[in-house]
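Contents: one structure, followed by commentary.
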Amino acid sequence: MLDIDGLSVHMGGQAVLDGVSTRVENGQLVYLLGRNGTGKTTLLKTICGIMPATSGRILIDGRRFPELPAPPQVIGMHLGTDAAHPGHTARRHLSWLARAGGIPVSRVDEVLELVDLTDVARRRVVDFSLGMRQRLGIAAALLGDARTLVLDEPVNGLDIDGIRWLRTLLRSLADEGRSLLIASHHLDEVARTADRVVVLDSGRVAADARVDEFVGAHADLEEAYLSAVSRPRSAGVPR
Ligand SMILES: Nc1ncnc2c1ncn2[C@@H]1O[C@H](COP(=O)(O)OP(=O)(O)OP(=O)(O)O)[C@@H](O)[C@H]1O
């Protein structure tokens with residue numbers, strides 16, 4: 001479970017996140033939405049202990065990140081498709097992560113199978129397509145069998161079969177009782193699988209609701225989203 005309370009992150013003298021509070025319960029698949037540059041990646045990195053909070057509190061299964069005895073076994077993270085050394089094979093990358101995280105190396109084959117990369121496990125990451133690097137990042141997030149998962153735009157670059165595969169995987173991980181927080185711009189995936197949405201706007205929570213509540217009287221999810229976020233600074237975007 002993720003519990004975020006009054007989280008602010010300041011960078012370069014600016015508040016990138018400003019008093020963000022939300023919660024992802026066990027068994028919930030929550031999508032984090034918002035315009036480019038509105039703080040989604042910053043929020044995920046702060047949850048994962050990569051960026052420092054200026055104020056506020058983040059609890060992962062009731063504990064702050066520095067108190068976690070074995071972080072990769074508590075929170076799985078996929079924060080971008082360039083995490084692996086390009087000269088390493090997929091297997092070497094995951095084996096290194098497993099050793100660093102105190103995870104049995106035998107788990108590597110399991111996650112390679114889960115993300116359908118077994119056949120290319122000995123190929124170097126530099127030769128991977130974007131979709132293959134997404135799968136590798138998802139494999140890394142799943143290595144520790146953590147109860148909480150944080151994924152940044154995992155759909156990007158996946159082919160149509162891959163998007164369907166990921167949708168089924170994410171839903172089943174939530175149905176097993178895990179907490180998932182996923183930043184995305186893919187409203188179709190949100191509509192199909194999300195339990196809740198959290199919308200960030202200029203670093204603040206503009207909406208935090210069950211999907212059906214969020215859509216409410218709006219025609220659809222896109223209309224609900226556009227009415228939740230402020231107008232873009234650039235002109236000419238029809239509303
Ligand atoms: N290291 C940094 N120093 C200063 N500002 C930063 C730093 N990293 C990010 N920012 C700023 O923080 C803001 C939020 O960026 P962030 O990457 O969290 O947005 P995002 O919502 O994930 O965007 P996108 O949808 O494009 O991925 C942006 O204005 C960005 O310029």
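For the structure tokens, the naming scheme is as follows: chains receive sequential letters (A, B, ...) according to their order of presentation, residues are indexed from 1 within each chain, and ligands are indexed from 1 in presentation order.
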TODO: Taking only C-alpha atoms and all ligand atoms into account, report as a ChimeraX atom specification which residues have an atom no farther than 7 Å from an atom of ligand 1.
DONE: /A:11-12,16,34-43
Atoms to include: N, CA and C atoms. Write the selected residues as a PDB file, in the first residue's frame.
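Done, and the output landed in part-v7.pdb:
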```pdb
ATOM      1  N   MET A  11      12.305  22.155  -6.850  1.00  0.00           N
ATOM      2  CA  MET A  11      13.545  22.050  -7.641  1.00  0.00           C
ATOM      3  C   MET A  11      13.782  23.374  -8.332  1.00  0.00           C
ATOM      4  N   GLY A  12      15.022  23.821  -8.302  1.00  0.00           N
ATOM      5  CA  GLY A  12      15.361  25.085  -8.958  1.00  0.00           C
ATOM      6  C   GLY A  12      14.511  26.238  -8.448  1.00  0.00           C
ATOM      7  N   VAL A  16       7.685  21.702  -7.757  1.00  0.00           N
ATOM      8  CA  VAL A  16       7.273  20.764  -8.812  1.00  0.00           C
ATOM      9  C   VAL A  16       6.084  19.948  -8.316  1.00  0.00           C
ATOM     10  N   GLY A  34      -1.924  13.530 -16.189  1.00  0.00           N
ATOM     11  CA  GLY A  34      -1.585  14.958 -16.130  1.00  0.00           C
ATOM     12  C   GLY A  34      -0.779  15.350 -17.346  1.00  0.00           C
ATOM     13  N   ARG A  35      -0.782  16.643 -17.618  1.00  0.00           N
ATOM     14  CA  ARG A  35      -0.044  17.149 -18.774  1.00  0.00           C
ATOM     15  C   ARG A  35       1.441  16.852 -18.657  1.00  0.00           C
ATOM     16  N   ASN A  36       2.148  16.969 -19.776  1.00  0.00           N
ATOM     17  CA  ASN A  36       3.607  16.888 -19.771  1.00  0.00           C
ATOM     18  C   ASN A  36       4.152  17.929 -18.781  1.00  0.00           C
ATOM     19  N   GLY A  37       5.111  17.504 -17.986  1.00  0.00           N
ATOM     20  CA  GLY A  37       5.802  18.440 -17.096  1.00  0.00           C
ATOM     21  C   GLY A  37       5.024  18.822 -15.852  1.00  0.00           C
ATOM     22  N   THR A  38       3.990  18.048 -15.532  1.00  0.00           N
ATOM     23  CA  THR A  38       3.145  18.427 -14.400  1.00  0.00           C
ATOM     24  C   THR A  38       3.552  17.720 -13.097  1.00  0.00           C
ATOM     25  N   GLY A  39       4.556  16.852 -13.178  1.00  0.00           N
ATOM     26  CA  GLY A  39       5.105  16.284 -11.944  1.00  0.00           C
ATOM     27  C   GLY A  39       4.910  14.791 -11.738  1.00  0.00           C
ATOM     28  N   LYS A  40       4.410  14.071 -12.736  1.00  0.00           N
ATOM     29  CA  LYS A  40       4.124  12.644 -12.552  1.00  0.00           C
ATOM     30  C   LYS A  40       5.411  11.849 -12.280  1.00  0.00           C
ATOM     31  N   THR A  41       6.405  12.027 -13.160  1.00  0.00           N
ATOM     32  CA  THR A  41       7.660  11.288 -12.976  1.00  0.00           C
ATOM     33  C   THR A  41       8.326  11.704 -11.657  1.00  0.00           C
ATOM     34  N   THR A  42       8.250  12.957 -11.346  1.00  0.00           N
ATOM     35  CA  THR A  42       8.832  13.439 -10.084  1.00  0.00           C
ATOM     36  C   THR A  42       8.163  12.735  -8.901  1.00  0.00           C
ATOM     37  N   LEU A  43       6.846  12.603  -8.957  1.00  0.00           N
ATOM     38  CA  LEU A  43       6.141  11.914  -7.867  1.00  0.00           C
ATOM     39  C   LEU A  43       6.610  10.461  -7.768  1.00  0.00           C
TER      40      LEU A  43
END
```
Residues near range 182-196 of chain A, cut-off 9 Å, only C-alpha atoms, skip fewer than 2 positions along chain, as an mmCIF file with N, CA and C atoms, in the first residue's frame:
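Dumped to part05.cif:
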```
data_model
loop_
_atom_site.group_PDB
_atom_site.id
_atom_site.type_symbol
_atom_site.label_atom_id
_atom_site.label_comp_id
_atom_site.auth_asym_id
_atom_site.auth_seq_id
_atom_site.Cartn_x
_atom_site.Cartn_y
_atom_site.Cartn_z
ATOM 1 N N VAL A 24 -2.862 4.532 -2.415
ATOM 2 C CA VAL A 24 -3.158 3.399 -3.302
ATOM 3 C C VAL A 24 -3.304 2.178 -2.399
ATOM 4 N N GLN A 28 -5.480 -2.244 -5.694
ATOM 5 C CA GLN A 28 -5.921 -1.149 -6.577
ATOM 6 C C GLN A 28 -4.919 -0.869 -7.684
ATOM 7 N N LEU A 29 -5.479 -0.645 -8.862
ATOM 8 C CA LEU A 29 -4.716 -0.215 -10.038
ATOM 9 C C LEU A 29 -5.095 1.246 -10.258
ATOM 10 N N VAL A 30 -4.147 2.131 -9.973
ATOM 11 C CA VAL A 30 -4.419 3.572 -10.022
ATOM 12 C C VAL A 30 -3.562 4.207 -11.112
ATOM 13 N N TYR A 31 -4.200 4.930 -11.990
ATOM 14 C CA TYR A 31 -3.471 5.634 -13.050
ATOM 15 C C TYR A 31 -3.260 7.086 -12.640
ATOM 16 N N LEU A 32 -2.036 7.548 -12.896
ATOM 17 C CA LEU A 32 -1.634 8.921 -12.599
ATOM 18 C C LEU A 32 -1.608 9.678 -13.922
ATOM 19 N N LEU A 33 -2.474 10.671 -14.028
ATOM 20 C CA LEU A 33 -2.622 11.422 -15.279
ATOM 21 C C LEU A 33 -2.180 12.857 -15.089
ATOM 22 N N GLY A 34 -1.924 13.530 -16.189
ATOM 23 C CA GLY A 34 -1.585 14.958 -16.130
ATOM 24 C C GLY A 34 -0.779 15.350 -17.346
ATOM 25 N N ARG A 35 -0.782 16.643 -17.618
ATOM 26 C CA ARG A 35 -0.044 17.149 -18.774
ATOM 27 C C ARG A 35 1.441 16.852 -18.657
ATOM 28 N N LYS A 40 4.410 14.071 -12.736
ATOM 29 C CA LYS A 40 4.124 12.644 -12.552
ATOM 30 C C LYS A 40 5.411 11.849 -12.280
ATOM 31 N N THR A 41 6.405 12.027 -13.160
ATOM 32 C CA THR A 41 7.660 11.288 -12.976
ATOM 33 C C THR A 41 8.326 11.704 -11.657
ATOM 34 N N LEU A 44 6.695 9.777 -8.912
ATOM 35 C CA LEU A 44 7.096 8.360 -8.871
ATOM 36 C C LEU A 44 8.537 8.221 -8.363
ATOM 37 N N LEU A 149 3.836 -1.611 -6.830
ATOM 38 C CA LEU A 149 4.518 -1.408 -8.116
ATOM 39 C C LEU A 149 4.252 0.005 -8.617
ATOM 40 N N VAL A 150 5.330 0.616 -9.109
ATOM 41 C CA VAL A 150 5.268 1.981 -9.601
ATOM 42 C C VAL A 150 5.861 1.970 -11.015
ATOM 43 N N LEU A 151 5.064 2.330 -12.026
ATOM 44 C CA LEU A 151 5.507 2.224 -13.413
ATOM 45 C C LEU A 151 5.275 3.555 -14.125
ATOM 46 N N ASP A 152 6.291 4.009 -14.860
ATOM 47 C CA ASP A 152 6.181 5.279 -15.572
ATOM 48 C C ASP A 152 6.000 5.021 -17.069
ATOM 49 N N GLU A 153 4.803 5.286 -17.551
ATOM 50 C CA GLU A 153 4.454 5.149 -18.970
ATOM 51 C C GLU A 153 4.881 3.805 -19.572
ATOM 52 N N PRO A 154 4.427 2.695 -18.987
ATOM 53 C CA PRO A 154 4.877 1.385 -19.456
ATOM 54 C C PRO A 154 4.286 0.966 -20.798
ATOM 55 N N VAL A 155 3.239 1.659 -21.250
ATOM 56 C CA VAL A 155 2.565 1.259 -22.500
ATOM 57 C C VAL A 155 3.332 1.751 -23.729
ATOM 58 N N ASN A 156 4.068 2.856 -23.569
ATOM 59 C CA ASN A 156 4.723 3.470 -24.737
ATOM 60 C C ASN A 156 5.619 2.475 -25.461
ATOM 61 N N ILE A 163 0.242 -4.350 -25.760
ATOM 62 C CA ILE A 163 -0.647 -3.512 -24.938
ATOM 63 C C ILE A 163 -1.706 -4.386 -24.280
ATOM 64 N N ARG A 167 -2.067 -4.989 -20.267
ATOM 65 C CA ARG A 167 -3.354 -4.704 -19.607
ATOM 66 C C ARG A 167 -3.770 -5.879 -18.727
ATOM 67 N N THR A 168 -3.660 -7.078 -19.290
ATOM 68 C CA THR A 168 -4.053 -8.281 -18.541
ATOM 69 C C THR A 168 -3.119 -8.495 -17.354
ATOM 70 N N LEU A 170 -1.283 -6.219 -15.680
ATOM 71 C CA LEU A 170 -1.459 -5.215 -14.625
ATOM 72 C C LEU A 170 -2.721 -5.494 -13.820
ATOM 73 N N ARG A 171 -3.787 -5.867 -14.522
ATOM 74 C CA ARG A 171 -5.046 -6.153 -13.820
ATOM 75 C C ARG A 171 -4.884 -7.365 -12.903
ATOM 76 N N LEU A 180 -0.828 -0.747 -7.396
ATOM 77 C CA LEU A 180 -0.126 -0.289 -8.595
ATOM 78 C C LEU A 180 -0.417 1.186 -8.852
ATOM 79 N N VAL A 198 -5.722 9.480 -10.455
ATOM 80 C CA VAL A 198 -5.239 10.670 -9.761
ATOM 81 C C VAL A 198 -4.742 11.601 -10.858
ATOM 82 N N ASP A 208 -8.967 12.973 -7.711
ATOM 83 C CA ASP A 208 -8.559 11.683 -7.123
ATOM 84 C C ASP A 208 -9.858 10.935 -6.858
ATOM 85 N N ALA A 209 -10.200 10.022 -7.762
ATOM 86 C CA ALA A 209 -11.539 9.433 -7.679
ATOM 87 C C ALA A 209 -11.589 8.093 -8.382
ATOM 88 N N ARG A 210 -12.615 7.312 -8.058
ATOM 89 C CA ARG A 210 -12.908 6.119 -8.848
ATOM 90 C C ARG A 210 -13.214 6.546 -10.272
ATOM 91 N N VAL A 211 -12.928 5.684 -11.252
ATOM 92 C CA VAL A 211 -13.073 6.095 -12.649
ATOM 93 C C VAL A 211 -14.523 6.504 -12.939
ATOM 94 N N ASP A 212 -15.485 5.728 -12.459
ATOM 95 C CA ASP A 212 -16.883 6.066 -12.765
ATOM 96 C C ASP A 212 -17.282 7.396 -12.122
ATOM 97 N N GLU A 213 -16.774 7.659 -10.907
ATOM 98 C CA GLU A 213 -17.066 8.942 -10.260
ATOM 99 C C GLU A 213 -16.415 10.086 -11.029
ATOM 100 N N PHE A 214 -15.201 9.835 -11.491
ATOM 101 C CA PHE A 214 -14.445 10.864 -12.200
ATOM 102 C C PHE A 214 -15.150 11.242 -13.505
ATOM 103 N N LEU A 221 -14.158 9.739 -20.515
ATOM 104 C CA LEU A 221 -12.980 9.970 -19.681
ATOM 105 C C LEU A 221 -12.165 11.161 -20.186
ATOM 106 N N GLU A 222 -12.062 11.287 -21.494
ATOM 107 C CA GLU A 222 -11.271 12.390 -22.061
ATOM 108 C C GLU A 222 -11.890 13.738 -21.672
#
```
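Between Ile47 in chain A and the candidates A:Leu130, A:Ala206, A:Leu2, A:Ala83, the tightest atom-to-atom separation, counting only C-alpha atoms, involves A:Leu2.
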Task: Minimum-distance residue to Asp145 in chain A, chosen among A:Gly49, A:Gly177, A:Pro86, A:Gly13 (using only C-alpha atoms) - done: A:Gly177
TODO: Give me every alpha helix (DSSP H) residue in range 35-233 of chain A, going by DSSP on the backbone, as number ranges by chain.
DONE: A: 40-47, 90-100, 107-114, 130-142, 160-175, 187-193, 211-215, 221-228
Task: Near-Gly162 in chain A list (10 Å; only C-alpha atoms; drop same-chain fewer than 5 positions) as a PyMOL selection string - done: chain A and resi 115-116+131-132+134-135+155+157+167-168
Output as a compact mmCIF listing (two decimals) with N, CA and C atoms, in the first residue's frame all residues of range 1-231 of chain A that backbone DSSP marks as strand (DSSP E).
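The result, stored in result_16.txt:
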```
# COMPACT_ATOMS: atom_id res chain seq x y z
N LEU A 2 0.40 2.26 -0.70
CA LEU A 2 1.13 3.53 -0.77
C LEU A 2 0.28 4.60 -0.08
N ASP A 3 0.93 5.37 0.77
CA ASP A 3 0.22 6.43 1.48
C ASP A 3 1.06 7.70 1.38
N ILE A 4 0.55 8.67 0.66
CA ILE A 4 1.30 9.90 0.40
C ILE A 4 0.55 11.06 1.05
N ASP A 5 1.26 11.81 1.87
CA ASP A 5 0.59 12.84 2.67
C ASP A 5 1.34 14.17 2.59
N GLY A 6 0.71 15.15 1.97
CA GLY A 6 1.26 16.51 1.95
C GLY A 6 2.64 16.61 1.31
N LEU A 7 2.86 15.85 0.24
CA LEU A 7 4.20 15.79 -0.36
C LEU A 7 4.48 17.01 -1.23
N SER A 8 5.58 17.68 -0.92
CA SER A 8 6.06 18.78 -1.77
C SER A 8 7.48 18.50 -2.18
N VAL A 9 7.79 18.82 -3.44
CA VAL A 9 9.15 18.69 -3.95
C VAL A 9 9.48 20.00 -4.67
N HIS A 10 10.54 20.65 -4.22
CA HIS A 10 10.96 21.90 -4.86
C HIS A 10 12.24 21.64 -5.62
N MET A 11 12.31 22.16 -6.85
CA MET A 11 13.54 22.05 -7.64
C MET A 11 13.78 23.37 -8.33
N GLN A 14 11.49 26.17 -7.54
CA GLN A 14 10.07 26.04 -7.92
C GLN A 14 9.45 24.81 -7.27
N ALA A 15 8.17 24.90 -6.95
CA ALA A 15 7.46 23.73 -6.42
C ALA A 15 7.02 22.85 -7.59
N VAL A 16 7.69 21.70 -7.76
CA VAL A 16 7.27 20.76 -8.81
C VAL A 16 6.08 19.95 -8.32
N LEU A 17 6.10 19.59 -7.04
CA LEU A 17 4.94 18.97 -6.39
C LEU A 17 4.58 19.85 -5.20
N ASP A 18 3.28 20.03 -5.00
CA ASP A 18 2.84 20.99 -4.00
C ASP A 18 1.70 20.39 -3.16
N GLY A 19 2.05 19.77 -2.06
CA GLY A 19 1.04 19.26 -1.14
C GLY A 19 0.24 18.10 -1.69
N VAL A 20 0.92 17.16 -2.33
CA VAL A 20 0.23 16.01 -2.93
C VAL A 20 -0.11 14.97 -1.85
N SER A 21 -1.37 14.61 -1.79
CA SER A 21 -1.81 13.54 -0.90
C SER A 21 -2.67 12.56 -1.69
N THR A 22 -2.38 11.30 -1.54
CA THR A 22 -3.23 10.27 -2.13
C THR A 22 -2.85 8.93 -1.51
N ARG A 23 -3.61 7.92 -1.85
CA ARG A 23 -3.38 6.60 -1.27
C ARG A 23 -3.69 5.55 -2.33
N VAL A 24 -2.86 4.53 -2.41
CA VAL A 24 -3.16 3.40 -3.30
C VAL A 24 -3.30 2.18 -2.40
N LEU A 29 -5.48 -0.64 -8.86
CA LEU A 29 -4.72 -0.21 -10.04
C LEU A 29 -5.09 1.25 -10.26
N VAL A 30 -4.15 2.13 -9.97
CA VAL A 30 -4.42 3.57 -10.02
C VAL A 30 -3.56 4.21 -11.11
N TYR A 31 -4.20 4.93 -11.99
CA TYR A 31 -3.47 5.63 -13.05
C TYR A 31 -3.26 7.09 -12.64
N LEU A 32 -2.04 7.55 -12.90
CA LEU A 32 -1.63 8.92 -12.60
C LEU A 32 -1.61 9.68 -13.92
N LEU A 33 -2.47 10.67 -14.03
CA LEU A 33 -2.62 11.42 -15.28
C LEU A 33 -2.18 12.86 -15.09
N SER A 55 9.03 18.36 1.71
CA SER A 55 8.21 18.14 2.91
C SER A 55 7.16 17.10 2.59
N GLY A 56 6.51 16.63 3.66
CA GLY A 56 5.49 15.60 3.49
C GLY A 56 6.02 14.21 3.80
N ARG A 57 5.15 13.23 3.61
CA ARG A 57 5.48 11.87 4.04
C ARG A 57 4.99 10.85 3.01
N ILE A 58 5.83 9.84 2.76
CA ILE A 58 5.43 8.73 1.89
C ILE A 58 5.62 7.45 2.67
N LEU A 59 4.57 6.66 2.80
CA LEU A 59 4.69 5.36 3.45
C LEU A 59 4.41 4.26 2.43
N ILE A 60 5.30 3.27 2.41
CA ILE A 60 5.14 2.10 1.53
C ILE A 60 4.93 0.91 2.46
N ILE A 75 8.94 -2.67 -3.05
CA ILE A 75 8.41 -1.81 -4.11
C ILE A 75 9.18 -2.08 -5.40
N GLY A 76 8.41 -2.46 -6.45
CA GLY A 76 9.00 -2.69 -7.77
C GLY A 76 8.84 -1.43 -8.60
N MET A 77 9.90 -1.03 -9.29
CA MET A 77 9.83 0.22 -10.04
C MET A 77 10.33 0.07 -11.48
N HIS A 78 9.62 0.76 -12.36
CA HIS A 78 10.05 0.85 -13.77
C HIS A 78 9.86 2.32 -14.15
N THR A 148 4.00 -3.61 -3.97
CA THR A 148 3.69 -2.28 -4.51
C THR A 148 4.50 -2.09 -5.79
N LEU A 149 3.84 -1.61 -6.83
CA LEU A 149 4.52 -1.41 -8.12
C LEU A 149 4.25 0.01 -8.62
N VAL A 150 5.33 0.62 -9.11
CA VAL A 150 5.27 1.98 -9.60
C VAL A 150 5.86 1.97 -11.02
N LEU A 151 5.06 2.33 -12.03
CA LEU A 151 5.51 2.22 -13.41
C LEU A 151 5.27 3.56 -14.12
N ASP A 152 6.29 4.01 -14.86
CA ASP A 152 6.18 5.28 -15.57
C ASP A 152 6.00 5.02 -17.07
N SER A 179 -0.61 -3.19 -4.96
CA SER A 179 -0.96 -1.78 -5.21
C SER A 179 -0.15 -1.30 -6.40
N LEU A 180 -0.83 -0.75 -7.40
CA LEU A 180 -0.13 -0.29 -8.60
C LEU A 180 -0.42 1.19 -8.85
N LEU A 181 0.64 1.97 -9.04
CA LEU A 181 0.49 3.37 -9.44
C LEU A 181 1.24 3.54 -10.76
N ILE A 182 0.49 3.94 -11.79
CA ILE A 182 1.03 3.94 -13.16
C ILE A 182 0.80 5.30 -13.81
N ALA A 183 1.90 5.96 -14.18
CA ALA A 183 1.76 7.22 -14.93
C ALA A 183 1.53 6.88 -16.39
N ARG A 196 -8.94 3.58 -10.08
CA ARG A 196 -9.02 5.02 -9.73
C ARG A 196 -8.08 5.81 -10.62
N VAL A 197 -8.32 7.09 -10.69
CA VAL A 197 -7.38 8.00 -11.35
C VAL A 197 -6.99 9.09 -10.35
N VAL A 198 -5.72 9.48 -10.46
CA VAL A 198 -5.24 10.67 -9.76
C VAL A 198 -4.74 11.60 -10.86
N VAL A 199 -5.29 12.80 -10.90
CA VAL A 199 -4.88 13.76 -11.93
C VAL A 199 -4.03 14.84 -11.27
N LEU A 200 -2.81 15.02 -11.78
CA LEU A 200 -1.95 16.10 -11.31
C LEU A 200 -2.08 17.27 -12.27
N ASP A 201 -2.10 18.46 -11.70
CA ASP A 201 -2.12 19.67 -12.51
C ASP A 201 -1.21 20.68 -11.85
N ARG A 204 -0.14 19.76 -8.35
CA ARG A 204 -1.17 19.56 -7.31
C ARG A 204 -2.18 18.50 -7.76
N VAL A 205 -2.83 17.89 -6.81
CA VAL A 205 -3.87 16.90 -7.15
C VAL A 205 -5.13 17.64 -7.58
N ALA A 206 -5.48 17.48 -8.86
CA ALA A 206 -6.68 18.14 -9.38
C ALA A 206 -7.90 17.22 -9.25
N ALA A 207 -7.66 15.91 -9.20
CA ALA A 207 -8.76 14.96 -9.04
C ALA A 207 -8.19 13.66 -8.51
N ASP A 208 -8.97 12.97 -7.71
CA ASP A 208 -8.56 11.68 -7.12
C ASP A 208 -9.86 10.94 -6.86
N ALA A 209 -10.20 10.02 -7.76
CA ALA A 209 -11.54 9.43 -7.68
C ALA A 209 -11.59 8.09 -8.38
N ARG A 210 -12.62 7.31 -8.06
CA ARG A 210 -12.91 6.12 -8.85
C ARG A 210 -13.21 6.55 -10.27
```
TODO: Enter the distance from CA of Ile103 in chain A to CA of Gly144 in chain A, in Å, rounded to one decimal.
DONE: 6.3 Å
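Interatomic distance, CA of Gly101 in chain A against CA of Leu166 in chain A: 24.2 Å.
Proximity to Ala139 in chain A was assessed for A:Ser172, A:Ala90, A:Asp127, A:Gly102 counting only C-alpha atoms; the smallest distance is recorded for A:Ala90.
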